[in-house]
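start29.pdb (PDB, C-alpha atoms and all ligand atoms)
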```pdb
MODEL        1
ATOM      1  CA  MET A   5    -105.672  -8.269  -7.588
ATOM      2  CA  ASN A   6    -106.823 -10.216 -10.620
ATOM      3  CA  GLN A   7    -106.662  -8.508 -14.017
ATOM      4  CA  LEU A   8    -110.378  -8.155 -14.323
ATOM      5  CA  VAL A   9    -110.780  -6.416 -10.969
ATOM      6  CA  GLU A  10    -107.820  -4.172 -11.760
ATOM      7  CA  SER A  11    -109.369  -3.122 -15.072
ATOM      8  CA  ASN A  12    -112.747  -2.458 -13.364
ATOM      9  CA  ARG A  13    -110.948  -0.442 -10.684
ATOM     10  CA  LYS A  14    -109.440   1.912 -13.263
ATOM     11  CA  SER A  15    -112.849   2.375 -14.867
ATOM     12  CA  TRP A  16    -114.585   3.010 -11.520
ATOM     13  CA  ASP A  17    -112.053   5.723 -10.787
ATOM     14  CA  LYS A  18    -113.085   7.365 -14.076
ATOM     15  CA  VAL A  19    -116.846   7.204 -13.512
ATOM     16  CA  ALA A  20    -116.951   7.616  -9.717
ATOM     17  CA  HIS A  21    -118.228  11.204  -9.975
ATOM     18  CA  TYR A  22    -121.458   9.998 -11.634
ATOM     19  CA  PHE A  23    -122.304   8.082  -8.460
ATOM     20  CA  ASN A  24    -122.156  10.821  -5.833
ATOM     21  CA  GLY A  25    -125.191  10.177  -3.645
ATOM     22  CA  VAL A  26    -126.752   7.859  -6.249
ATOM     23  CA  ASP A  27    -127.892   4.375  -5.150
ATOM     24  CA  ALA A  28    -127.574   5.146  -1.463
ATOM     25  CA  LEU A  29    -129.752   4.495   1.564
ATOM     26  CA  PRO A  30    -132.561   5.149   2.328
ATOM     27  CA  SER A  31    -133.060   4.259  -1.366
ATOM     28  CA  TYR A  32    -132.584   0.593  -2.222
ATOM     29  CA  GLY A  33    -132.552   1.189  -5.963
ATOM     30  CA  PRO A  34    -134.021   3.088  -8.931
ATOM     31  CA  PHE A  35    -137.779   3.757  -8.489
ATOM     32  CA  SER A  36    -137.923   1.190  -5.654
ATOM     33  CA  GLN A  37    -139.274   1.435  -2.132
ATOM     34  CA  THR A  38    -137.013   2.984   0.479
ATOM     35  CA  GLU A  39    -135.881   1.742   3.877
ATOM     36  CA  ASP A  40    -138.581   3.995   5.400
ATOM     37  CA  GLU A  41    -141.196   1.969   3.524
ATOM     38  CA  LEU A  42    -139.685  -1.503   3.880
ATOM     39  CA  LYS A  43    -138.136  -1.286   7.370
ATOM     40  CA  LEU A  44    -135.670  -4.095   6.695
ATOM     41  CA  LEU A  45    -132.806  -2.899   8.885
ATOM     42  CA  ASP A  46    -132.428  -4.127  12.468
ATOM     43  CA  ASP A  47    -132.172  -1.635  15.329
ATOM     44  CA  LEU A  48    -128.650  -0.296  14.746
ATOM     45  CA  GLN A  49    -128.413   2.210  17.596
ATOM     46  CA  ASN A  50    -124.785   2.155  18.868
ATOM     47  CA  LYS A  51    -123.986  -0.741  16.527
ATOM     48  CA  LYS A  52    -121.109  -1.521  14.179
ATOM     49  CA  VAL A  53    -121.827  -1.545  10.447
ATOM     50  CA  LEU A  54    -119.779  -2.433   7.373
ATOM     51  CA  ASP A  55    -120.676  -1.159   3.884
ATOM     52  CA  ILE A  56    -119.535  -3.282   0.930
ATOM     53  CA  GLY A  57    -118.991  -0.892  -2.013
ATOM     54  CA  TYR A  58    -119.571   2.307  -0.015
ATOM     55  CA  GLY A  59    -119.332   4.543  -3.101
ATOM     56  CA  SER A  60    -119.753   8.192  -2.143
ATOM     57  CA  GLY A  61    -120.376   7.259   1.512
ATOM     58  CA  HIS A  62    -123.998   8.439   1.624
ATOM     59  CA  SER A  63    -125.344   5.095   2.903
ATOM     60  CA  LEU A  64    -122.835   5.134   5.765
ATOM     61  CA  LYS A  65    -123.890   8.711   6.544
ATOM     62  CA  TYR A  66    -127.515   7.535   6.701
ATOM     63  CA  MET A  67    -126.484   4.705   9.026
ATOM     64  CA  ALA A  68    -124.860   7.182  11.415
ATOM     65  CA  GLU A  69    -127.351  10.037  11.252
ATOM     66  CA  GLU A  70    -130.660   8.182  10.887
ATOM     67  CA  LYS A  71    -129.982   4.776  12.434
ATOM     68  CA  GLY A  72    -127.525   5.721  15.196
ATOM     69  CA  ALA A  73    -124.722   3.347  14.146
ATOM     70  CA  THR A  74    -121.512   4.332  15.937
ATOM     71  CA  GLU A  75    -118.827   2.384  14.056
ATOM     72  CA  LEU A  76    -118.800   2.996  10.323
ATOM     73  CA  TRP A  77    -116.596   0.721   8.245
ATOM     74  CA  GLY A  78    -116.474   0.308   4.498
ATOM     75  CA  VAL A  79    -114.701  -1.381   1.594
ATOM     76  CA  ASP A  80    -114.669  -0.019  -1.957
ATOM     77  CA  LEU A  81    -112.511  -0.719  -4.973
ATOM     78  CA  SER A  82    -112.106   2.860  -6.115
ATOM     79  CA  SER A  83    -109.658   5.343  -4.599
ATOM     80  CA  GLU A  84    -111.734   8.192  -6.124
ATOM     81  CA  GLN A  85    -114.780   6.943  -4.227
ATOM     82  CA  LYS A  86    -112.705   6.799  -1.053
ATOM     83  CA  LEU A  87    -111.792  10.489  -1.435
ATOM     84  CA  THR A  88    -115.455  11.402  -1.987
ATOM     85  CA  ALA A  89    -116.656   9.246   0.917
ATOM     86  CA  GLU A  90    -114.091  10.848   3.230
ATOM     87  CA  LYS A  91    -115.637  14.237   2.420
ATOM     88  CA  THR A  92    -119.210  12.955   2.855
ATOM     89  CA  LEU A  93    -118.332  11.408   6.202
ATOM     90  CA  GLN A  94    -116.209  14.206   7.629
ATOM     91  CA  GLY A  95    -116.428  14.241  11.423
ATOM     92  CA  LEU A  96    -117.916  10.743  11.658
ATOM     93  CA  GLU A  97    -114.549   8.946  11.896
ATOM     94  CA  PRO A  98    -115.257   6.228   9.324
ATOM     95  CA  ARG A  99    -112.828   3.388   8.700
ATOM     96  CA  LEU A 100    -112.674   3.243   4.924
ATOM     97  CA  PHE A 101    -110.630   0.733   2.952
ATOM     98  CA  CYS A 102    -109.797   0.783  -0.721
ATOM     99  CA  ALA A 103    -109.828  -2.888  -1.763
ATOM    100  CA  PRO A 104    -111.836  -5.446  -3.720
ATOM    101  CA  MET A 105    -114.666  -6.986  -1.718
ATOM    102  CA  GLU A 106    -113.519 -10.436  -2.881
ATOM    103  CA  LYS A 107    -110.188 -10.065  -1.057
ATOM    104  CA  ASP A 108    -109.471 -10.873   2.588
ATOM    105  CA  ILE A 109    -107.927  -7.667   3.935
ATOM    106  CA  ASN A 110    -107.999  -8.751   7.566
ATOM    107  CA  LEU A 111    -111.140  -6.937   8.577
ATOM    108  CA  PRO A 112    -112.227  -8.060  12.050
ATOM    109  CA  LYS A 113    -114.093 -11.358  12.204
ATOM    110  CA  ASP A 114    -117.273 -11.992  14.252
ATOM    111  CA  TYR A 115    -117.401  -8.232  14.804
ATOM    112  CA  PHE A 116    -120.196  -6.432  12.888
ATOM    113  CA  ASP A 117    -123.884  -6.220  13.766
ATOM    114  CA  CYS A 118    -124.791  -5.431  10.168
ATOM    115  CA  VAL A 119    -123.005  -5.789   6.846
ATOM    116  CA  TYR A 120    -124.842  -4.327   3.849
ATOM    117  CA  SER A 121    -124.321  -3.460   0.206
ATOM    118  CA  ILE A 122    -126.407  -1.098  -1.899
ATOM    119  CA  TYR A 123    -125.963  -1.729  -5.619
ATOM    120  CA  ALA A 124    -122.421  -3.052  -5.329
ATOM    121  CA  LEU A 125    -122.413  -6.792  -4.490
ATOM    122  CA  GLY A 126    -123.144  -7.815  -8.101
ATOM    123  CA  TRP A 127    -119.788  -6.333  -9.134
ATOM    124  CA  THR A 128    -117.869  -9.080  -7.385
ATOM    125  CA  THR A 129    -115.931 -11.430  -9.643
ATOM    126  CA  ASP A 130    -116.116 -14.149  -6.969
ATOM    127  CA  LEU A 131    -119.480 -14.313  -5.233
ATOM    128  CA  ARG A 132    -118.657 -17.400  -3.156
ATOM    129  CA  THR A 133    -115.508 -15.898  -1.605
ATOM    130  CA  THR A 134    -117.205 -12.532  -1.078
ATOM    131  CA  LEU A 135    -120.182 -14.049   0.766
ATOM    132  CA  THR A 136    -117.923 -16.299   2.852
ATOM    133  CA  LEU A 137    -115.904 -13.227   3.880
ATOM    134  CA  ILE A 138    -119.057 -11.224   4.689
ATOM    135  CA  HIS A 139    -120.344 -14.115   6.805
ATOM    136  CA  SER A 140    -117.041 -14.178   8.691
ATOM    137  CA  TYR A 141    -117.187 -10.414   9.478
ATOM    138  CA  LEU A 142    -120.601 -10.722  11.127
ATOM    139  CA  LYS A 143    -121.280 -11.528  14.749
ATOM    140  CA  LYS A 144    -123.557 -14.499  15.251
ATOM    141  CA  GLY A 145    -127.090 -13.103  14.921
ATOM    142  CA  GLY A 146    -125.876 -10.199  12.765
ATOM    143  CA  SER A 147    -127.626  -9.358   9.500
ATOM    144  CA  PHE A 148    -126.539  -9.006   5.896
ATOM    145  CA  LEU A 149    -128.662  -6.988   3.532
ATOM    146  CA  PHE A 150    -128.019  -6.185  -0.093
ATOM    147  CA  SER A 151    -129.787  -4.645  -3.049
ATOM    148  CA  TRP A 152    -128.956  -5.086  -6.716
ATOM    149  CA  ASP A 153    -130.637  -5.001 -10.133
ATOM    150  CA  HIS A 154    -133.235  -7.754 -10.245
ATOM    151  CA  PRO A 155    -131.168 -10.393 -12.102
ATOM    152  CA  LEU A 156    -133.779 -10.734 -14.876
ATOM    153  CA  TYR A 157    -134.067  -6.953 -15.287
ATOM    154  CA  PRO A 158    -131.131  -6.414 -17.699
ATOM    155  CA  TYR A 159    -132.778  -8.802 -20.161
ATOM    156  CA  ILE A 160    -136.116  -6.960 -20.270
ATOM    157  CA  LYS A 161    -135.893  -4.549 -23.138
ATOM    158  CA  SER A 162    -138.505  -1.932 -23.910
ATOM    159  CA  GLU A 163    -139.127  -0.857 -27.487
ATOM    160  CA  LYS A 164    -141.808   1.807 -27.808
ATOM    161  CA  GLY A 165    -143.133   0.456 -24.542
ATOM    162  CA  VAL A 166    -143.335  -3.177 -25.657
ATOM    163  CA  MET A 167    -141.253  -5.373 -23.367
ATOM    164  CA  THR A 168    -139.308  -8.253 -24.821
ATOM    165  CA  LEU A 169    -136.640 -10.585 -23.519
ATOM    166  CA  GLU A 170    -133.241  -9.887 -25.028
ATOM    167  CA  GLY A 171    -130.342 -12.329 -24.697
ATOM    168  CA  THR A 172    -130.473 -15.279 -22.359
ATOM    169  CA  TYR A 173    -131.045 -15.224 -18.617
ATOM    170  CA  GLN A 174    -129.942 -18.871 -18.540
ATOM    171  CA  GLU A 175    -126.304 -18.161 -19.343
ATOM    172  CA  GLU A 176    -124.351 -16.923 -16.361
ATOM    173  CA  GLY A 177    -120.888 -15.534 -16.936
ATOM    174  CA  LEU A 178    -118.725 -12.554 -17.661
ATOM    175  CA  GLN A 179    -119.962  -9.702 -19.837
ATOM    176  CA  THR A 180    -117.804  -6.760 -20.860
ATOM    177  CA  PHE A 181    -119.162  -3.330 -21.763
ATOM    178  CA  GLU A 182    -116.655  -1.113 -23.534
ATOM    179  CA  LYS A 183    -118.327   2.089 -22.354
ATOM    180  CA  PHE A 184    -119.853   2.987 -19.025
ATOM    181  CA  LYS A 185    -121.786   6.224 -18.489
ATOM    182  CA  GLY A 186    -120.679   7.115 -22.026
ATOM    183  CA  GLU A 187    -117.036   7.134 -20.937
ATOM    184  CA  ASP A 188    -114.175   5.085 -22.254
ATOM    185  CA  ALA A 189    -114.367   2.950 -19.107
ATOM    186  CA  PRO A 190    -114.687  -0.764 -19.913
ATOM    187  CA  MET A 191    -116.422  -2.773 -17.204
ATOM    188  CA  THR A 192    -116.718  -6.510 -16.842
ATOM    189  CA  ILE A 193    -119.590  -7.868 -14.829
ATOM    190  CA  HIS A 194    -120.625 -11.396 -13.923
ATOM    191  CA  THR A 195    -124.295 -12.052 -14.680
ATOM    192  CA  ARG A 196    -126.026 -14.367 -12.205
ATOM    193  CA  LYS A 197    -129.487 -15.790 -11.773
ATOM    194  CA  LEU A 198    -131.609 -14.978  -8.742
ATOM    195  CA  GLY A 199    -131.287 -18.582  -7.575
ATOM    196  CA  THR A 200    -127.491 -18.263  -7.638
ATOM    197  CA  TYR A 201    -127.559 -15.371  -5.163
ATOM    198  CA  ILE A 202    -129.953 -17.275  -2.904
ATOM    199  CA  ASN A 203    -128.064 -20.573  -3.077
ATOM    200  CA  GLU A 204    -124.664 -18.933  -2.534
ATOM    201  CA  LEU A 205    -126.011 -17.186   0.583
ATOM    202  CA  ILE A 206    -127.199 -20.532   1.915
ATOM    203  CA  GLN A 207    -123.869 -22.137   0.986
ATOM    204  CA  ALA A 208    -122.003 -19.401   2.924
ATOM    205  CA  GLY A 209    -124.021 -20.295   6.041
ATOM    206  CA  PHE A 210    -126.735 -17.600   6.021
ATOM    207  CA  THR A 211    -130.405 -18.001   6.846
ATOM    208  CA  ILE A 212    -132.488 -16.001   4.393
ATOM    209  CA  GLU A 213    -135.145 -13.857   6.066
ATOM    210  CA  ASN A 214    -136.612 -11.788   3.272
ATOM    211  CA  VAL A 215    -136.485 -11.525  -0.511
ATOM    212  CA  VAL A 216    -138.057  -8.341  -1.871
ATOM    213  CA  GLU A 217    -138.776  -7.948  -5.580
ATOM    214  CA  SER A 218    -139.223  -4.188  -5.640
ATOM    215  CA  GLU A 219    -142.379  -2.268  -6.343
ATOM    216  CA  VAL A 220    -142.596   1.388  -7.302
ATOM    217  CA  GLY A 221    -141.742   3.527  -4.263
ATOM    218  CA  GLU A 222    -144.366   5.790  -2.624
ATOM    219  CA  ARG A 223    -142.626   8.925  -3.846
ATOM    220  CA  TYR A 224    -143.271   7.941  -7.471
ATOM    221  CA  LYS A 225    -146.827   6.661  -7.107
ATOM    222  CA  GLU A 226    -148.456   9.948  -8.140
ATOM    223  CA  GLU A 227    -146.029  10.615 -11.004
ATOM    224  CA  ASP A 228    -146.932  10.072 -14.647
ATOM    225  CA  ALA A 229    -145.102   7.132 -16.149
ATOM    226  CA  PRO A 230    -144.991   7.819 -19.886
ATOM    227  CA  ILE A 231    -143.742   5.133 -22.235
ATOM    228  CA  SER A 232    -139.971   5.034 -21.966
ATOM    229  CA  ASP A 233    -137.322   2.753 -23.394
ATOM    230  CA  ARG A 234    -134.613   3.876 -20.989
ATOM    231  CA  TYR A 235    -132.775   1.167 -19.011
ATOM    232  CA  TYR A 236    -134.311   2.488 -15.770
ATOM    233  CA  SER A 237    -137.735   4.064 -16.140
ATOM    234  CA  LEU A 238    -140.845   4.468 -14.061
ATOM    235  CA  TYR A 239    -142.768   2.943 -16.958
ATOM    236  CA  LYS A 240    -140.662  -0.222 -16.743
ATOM    237  CA  ALA A 241    -140.652  -0.255 -12.922
ATOM    238  CA  HIS A 242    -144.472  -0.325 -12.887
ATOM    239  CA  ARG A 243    -144.313  -3.578 -14.841
ATOM    240  CA  PHE A 244    -141.220  -5.343 -13.589
ATOM    241  CA  PRO A 245    -139.145  -5.176 -10.369
ATOM    242  CA  SER A 246    -136.016  -3.130 -11.031
ATOM    243  CA  THR A 247    -134.383  -4.204  -7.774
ATOM    244  CA  VAL A 248    -134.036  -7.282  -5.648
ATOM    245  CA  ILE A 249    -133.301  -6.858  -1.940
ATOM    246  CA  ILE A 250    -132.267  -9.822   0.177
ATOM    247  CA  LYS A 251    -131.936  -9.904   3.937
ATOM    248  CA  ALA A 252    -130.059 -12.793   5.550
ATOM    249  CA  ARG A 253    -128.779 -13.612   9.016
ATOM    250  CA  LYS A 254    -125.704 -15.357  10.457
TER     251      LYS A 254
HETATM  252  C1  LIG B 301    -123.273   2.060  -7.591
HETATM  253  S1  LIG B 301    -121.895   2.277  -6.578
HETATM  254  C2  LIG B 301    -122.506   1.973  -4.940
HETATM  255  C3  LIG B 301    -123.089   3.165  -4.242
HETATM  256  C4  LIG B 301    -122.987   3.081  -2.743
HETATM  257  N1  LIG B 301    -123.538   1.875  -2.230
HETATM  258  C5  LIG B 301    -123.533   4.269  -1.985
HETATM  259  O1  LIG B 301    -124.132   4.065  -0.928
HETATM  260  O2  LIG B 301    -123.349   5.437  -2.420
HETATM  261  C6  LIG B 301    -120.959   0.783  -6.827
HETATM  262  C7  LIG B 301    -119.655   0.803  -6.068
HETATM  263  O3  LIG B 301    -119.092  -0.505  -6.087
HETATM  264  C8  LIG B 301    -117.685  -0.358  -6.103
HETATM  265  N2  LIG B 301    -117.104  -1.635  -6.580
HETATM  266  C9  LIG B 301    -117.149  -2.171  -7.823
HETATM  267  N3  LIG B 301    -116.530  -3.360  -7.856
HETATM  268  C10 LIG B 301    -116.068  -3.591  -6.595
HETATM  269  C11 LIG B 301    -115.329  -4.647  -5.981
HETATM  270  N4  LIG B 301    -114.954  -5.714  -6.674
HETATM  271  N5  LIG B 301    -115.014  -4.527  -4.665
HETATM  272  C12 LIG B 301    -115.385  -3.434  -3.951
HETATM  273  N6  LIG B 301    -116.103  -2.401  -4.471
HETATM  274  C13 LIG B 301    -116.441  -2.478  -5.777
HETATM  275  C14 LIG B 301    -117.439   0.824  -7.037
HETATM  276  O4  LIG B 301    -116.178   1.410  -6.848
HETATM  277  C15 LIG B 301    -118.612   1.738  -6.662
HETATM  278  O5  LIG B 301    -118.228   2.685  -5.710
ENDMDL
END
```
Could you rewrite the structure in this file as structure tokens?
Ligand SMILES: C[S@@+](CC[C@H](N)C(=O)[O-])C[C@H]1O[C@@H](n2cnc3c(N)ncnc32)[C@H](O)[C@@H]1O
Amino acid sequence: MNQLVESNRKSWDKVAHYFNGVDALPSYGPFSQTEDELKLLDDLQNKKVLDIGYGSGHSLKYMAEEKGATELWGVDLSSEQKLTAEKTLQGLEPRLFCAPMEKDINLPKDYFDCVYSIYALGWTTDLRTTLTLIHSYLKKGGSFLFSWDHPLYPYIKSEKGVMTLEGTYQEEGLQTFEKFKGEDAPMTIHTRKLGTYINELIQAGFTIENVVESEVGERYKEEDAPISDRYYSLYKAHRFPSTVIIKARK
């Protein structure tokens, strides 16, 4: 494991408890439309699915209970998340691995009907290798779906409700935050442009079927959206897509 991934792993173990049931299907992301609204998933009845960054396991649970998937596989970096996911998925016989998504851990090739990742893919330190691996796990005709912060979103800052661009979207590369969720849990993340995600999918051999720049989900439409300068807010989501969702096929 490279040093960067190892340091992120330690931090994820510290903050894992903040992510129990957060960022999980049917939600695609903060204030965004859900799977019930977007209907992006294929028919997964009796199918095999693989979750990249399964977190607390709630997306895999949704895949089993709502979509009828019968084989539930997952990869996540954090051993704390694995313990939580095992509890969430009790009785469903999941196959959960604790490993970086950018590493080949001999998962079966040409095997899965659907590989997906809800708010985890952007954590990879090596997008090219990760997408090549994901492509190899899929059967021909299988789908890959992921959601992540809209790549421009982190640069849109709100100050008393006035949105400005902070930093530079043009510069892709590693960024380290010393604190995460207020904890002493340094995290390093690779910023990427939207075009990079799209081009790397094409490079890995995928055909892109859908790119969704999120809108405010139905469940928030009637809610007041007072001015807010928080990183995620309904106020901001009404003006700018918080999430990007991409569906691609092998
Ligand atoms: C926001 S959570 C995802 C939530 C999850 N999708 C769910 O359904 O509950 C992000 C997850 O990505 C995992 N992660 C971060 N970097 C990773 C990496 N390089 N390889 C695999 N998993 C990683 C973290 O351990 C964390 O569980």
From (-108.6, -10.3, -3.2), in the file's coordinates, out to 10 Å: which residues are reached, counting all atoms listed in the file? Answer as a PyMOL selection string.
chain A and resi 5-6+9+103-109+129-130+133-134
Which residues are near ligand LIG 301 (chain B) - at most 9 Å, using all atoms listed in the file? Format: as an mmCIF file with C-alpha atoms, in the frame of the given file.
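Contents of pocket.cif, freshly written:
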```cif
data_model
loop_
_atom_site.group_PDB
_atom_site.id
_atom_site.type_symbol
_atom_site.label_atom_id
_atom_site.label_comp_id
_atom_site.auth_asym_id
_atom_site.auth_seq_id
_atom_site.Cartn_x
_atom_site.Cartn_y
_atom_site.Cartn_z
ATOM 1 C CA VAL A 9 -110.780 -6.416 -10.969
ATOM 2 C CA GLU A 10 -107.820 -4.172 -11.760
ATOM 3 C CA ASN A 12 -112.747 -2.458 -13.364
ATOM 4 C CA ARG A 13 -110.948 -0.442 -10.684
ATOM 5 C CA SER A 15 -112.849 2.375 -14.867
ATOM 6 C CA TRP A 16 -114.585 3.010 -11.520
ATOM 7 C CA ASP A 17 -112.053 5.723 -10.787
ATOM 8 C CA VAL A 19 -116.846 7.204 -13.512
ATOM 9 C CA ALA A 20 -116.951 7.616 -9.717
ATOM 10 C CA PHE A 23 -122.304 8.082 -8.460
ATOM 11 C CA ASN A 24 -122.156 10.821 -5.833
ATOM 12 C CA GLY A 25 -125.191 10.177 -3.645
ATOM 13 C CA VAL A 26 -126.752 7.859 -6.249
ATOM 14 C CA ASP A 27 -127.892 4.375 -5.150
ATOM 15 C CA ALA A 28 -127.574 5.146 -1.463
ATOM 16 C CA LEU A 29 -129.752 4.495 1.564
ATOM 17 C CA SER A 31 -133.060 4.259 -1.366
ATOM 18 C CA ASP A 55 -120.676 -1.159 3.884
ATOM 19 C CA ILE A 56 -119.535 -3.282 0.930
ATOM 20 C CA GLY A 57 -118.991 -0.892 -2.013
ATOM 21 C CA TYR A 58 -119.571 2.307 -0.015
ATOM 22 C CA GLY A 59 -119.332 4.543 -3.101
ATOM 23 C CA SER A 60 -119.753 8.192 -2.143
ATOM 24 C CA GLY A 61 -120.376 7.259 1.512
ATOM 25 C CA HIS A 62 -123.998 8.439 1.624
ATOM 26 C CA SER A 63 -125.344 5.095 2.903
ATOM 27 C CA LEU A 64 -122.835 5.134 5.765
ATOM 28 C CA LYS A 65 -123.890 8.711 6.544
ATOM 29 C CA VAL A 79 -114.701 -1.381 1.594
ATOM 30 C CA ASP A 80 -114.669 -0.019 -1.957
ATOM 31 C CA LEU A 81 -112.511 -0.719 -4.973
ATOM 32 C CA SER A 82 -112.106 2.860 -6.115
ATOM 33 C CA SER A 83 -109.658 5.343 -4.599
ATOM 34 C CA GLU A 84 -111.734 8.192 -6.124
ATOM 35 C CA GLN A 85 -114.780 6.943 -4.227
ATOM 36 C CA LYS A 86 -112.705 6.799 -1.053
ATOM 37 C CA ALA A 89 -116.656 9.246 0.917
ATOM 38 C CA CYS A 102 -109.797 0.783 -0.721
ATOM 39 C CA ALA A 103 -109.828 -2.888 -1.763
ATOM 40 C CA PRO A 104 -111.836 -5.446 -3.720
ATOM 41 C CA MET A 105 -114.666 -6.986 -1.718
ATOM 42 C CA GLU A 106 -113.519 -10.436 -2.881
ATOM 43 C CA LYS A 107 -110.188 -10.065 -1.057
ATOM 44 C CA TYR A 120 -124.842 -4.327 3.849
ATOM 45 C CA SER A 121 -124.321 -3.460 0.206
ATOM 46 C CA ILE A 122 -126.407 -1.098 -1.899
ATOM 47 C CA TYR A 123 -125.963 -1.729 -5.619
ATOM 48 C CA ALA A 124 -122.421 -3.052 -5.329
ATOM 49 C CA LEU A 125 -122.413 -6.792 -4.490
ATOM 50 C CA GLY A 126 -123.144 -7.815 -8.101
ATOM 51 C CA TRP A 127 -119.788 -6.333 -9.134
ATOM 52 C CA THR A 128 -117.869 -9.080 -7.385
ATOM 53 C CA THR A 129 -115.931 -11.430 -9.643
ATOM 54 C CA ASP A 130 -116.116 -14.149 -6.969
ATOM 55 C CA ILE A 193 -119.590 -7.868 -14.829
#
```
For segment 174-182 of chain A, list every protein, DNA or RNA residue within 6 Å, evaluated using all atoms listed in the file, and leave out those in the same chain fewer than 4 positions away; present the list as a PyMOL selection string.
chain A and resi 190-196
Let me make sure I understand: among A:Leu169, A:Val220, A:Ala189, A:Ala68, which one has the smallest atom-to-atom distance to Gln94 of chain A if we use all atoms listed in the file?
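So, comparing all the options, the nearest one is A:Ala68.
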As a check of understanding, name the residues that the PyMOL selection byres (((chain A and resi 231-247) around 6) and not hetatm) selects in the supplied structure, as an NGL selection string.
:A and (33 or 152-154 or 162-163 or 165 or 217-219 or 229-230 or 248)
Take the residues just selected and output them with C-alpha atoms as an mmCIF file, keeping the file's coordinate frame.
```cif
data_model
loop_
_atom_site.group_PDB
_atom_site.id
_atom_site.type_symbol
_atom_site.label_atom_id
_atom_site.label_comp_id
_atom_site.auth_asym_id
_atom_site.auth_seq_id
_atom_site.Cartn_x
_atom_site.Cartn_y
_atom_site.Cartn_z
ATOM 1 C CA GLY A 33 -132.552 1.189 -5.963
ATOM 2 C CA TRP A 152 -128.956 -5.086 -6.716
ATOM 3 C CA ASP A 153 -130.637 -5.001 -10.133
ATOM 4 C CA HIS A 154 -133.235 -7.754 -10.245
ATOM 5 C CA SER A 162 -138.505 -1.932 -23.910
ATOM 6 C CA GLU A 163 -139.127 -0.857 -27.487
ATOM 7 C CA GLY A 165 -143.133 0.456 -24.542
ATOM 8 C CA GLU A 217 -138.776 -7.948 -5.580
ATOM 9 C CA SER A 218 -139.223 -4.188 -5.640
ATOM 10 C CA GLU A 219 -142.379 -2.268 -6.343
ATOM 11 C CA ALA A 229 -145.102 7.132 -16.149
ATOM 12 C CA PRO A 230 -144.991 7.819 -19.886
ATOM 13 C CA VAL A 248 -134.036 -7.282 -5.648
#
```
Running the PyMOL selection byres (((chain A and resi 209-215) around 6) and not hetatm) on this model by hand, what would come out? Give it as a PyMOL selection string.
chain A and resi 205-208+216+249-254
Work out how far apart atom CA of Leu100 of chain A and atom CA of Ile138 of chain A are and give it in Å to one decimal.
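Separation of atom CA of Leu100 of chain A and atom CA of Ile138 of chain A: 15.8 Å.
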Pull out every residue that the PyMOL selection byres (((chain A and resi 41) around 10) and not hetatm) matches in the shown coordinates and put them as a PyMOL selection string.
chain A and resi 30-31+36-40+42-44+221-222
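Interatomic distance, atom CA of Leu198 of chain A to atom CA of Leu45 of chain A: 21.4 Å.
Interatomic distance, atom CA of Leu135 of chain A to atom CA of Glu204 of chain A: 7.4 Å.
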Write out as an MDAnalysis selection string which residues come within 9 Å of Lys51 of chain A when counting only C-alpha atoms, dropping same-chain ones fewer than 6 positions away.
chainID A and resid 72:76 116:118
Based on the selection just made, write C-alpha atoms of those residues as a PDB file, in the coordinates of the input.
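Below you can see part_6.pdb, which holds the result:
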```
ATOM      1  CA  GLY A  72    -127.525   5.721  15.196  1.00  0.00           C
ATOM      2  CA  ALA A  73    -124.722   3.347  14.146  1.00  0.00           C
ATOM      3  CA  THR A  74    -121.512   4.332  15.937  1.00  0.00           C
ATOM      4  CA  GLU A  75    -118.827   2.384  14.056  1.00  0.00           C
ATOM      5  CA  LEU A  76    -118.800   2.996  10.323  1.00  0.00           C
ATOM      6  CA  PHE A 116    -120.196  -6.432  12.888  1.00  0.00           C
ATOM      7  CA  ASP A 117    -123.884  -6.220  13.766  1.00  0.00           C
ATOM      8  CA  CYS A 118    -124.791  -5.431  10.168  1.00  0.00           C
TER       9      CYS A 118
END
```
Given 4 Å on each side, where is the centre and what are the edge lengths in Å to one decimal of the axis-aligned box enclosing the listed atoms of segment 236-251 of chain A, as AutoDock Vina command-line options?
```
--center_x -138.2 --center_y -2.7 --center_z -6.5 --size_x 20.5 --size_y 22.4 --size_z 28.9
```
Using all atoms listed in the file, which of A:Leu96, A:Phe148, A:Arg223, A:Leu54 sits nearest Pro34 of chain A?
A:Arg223
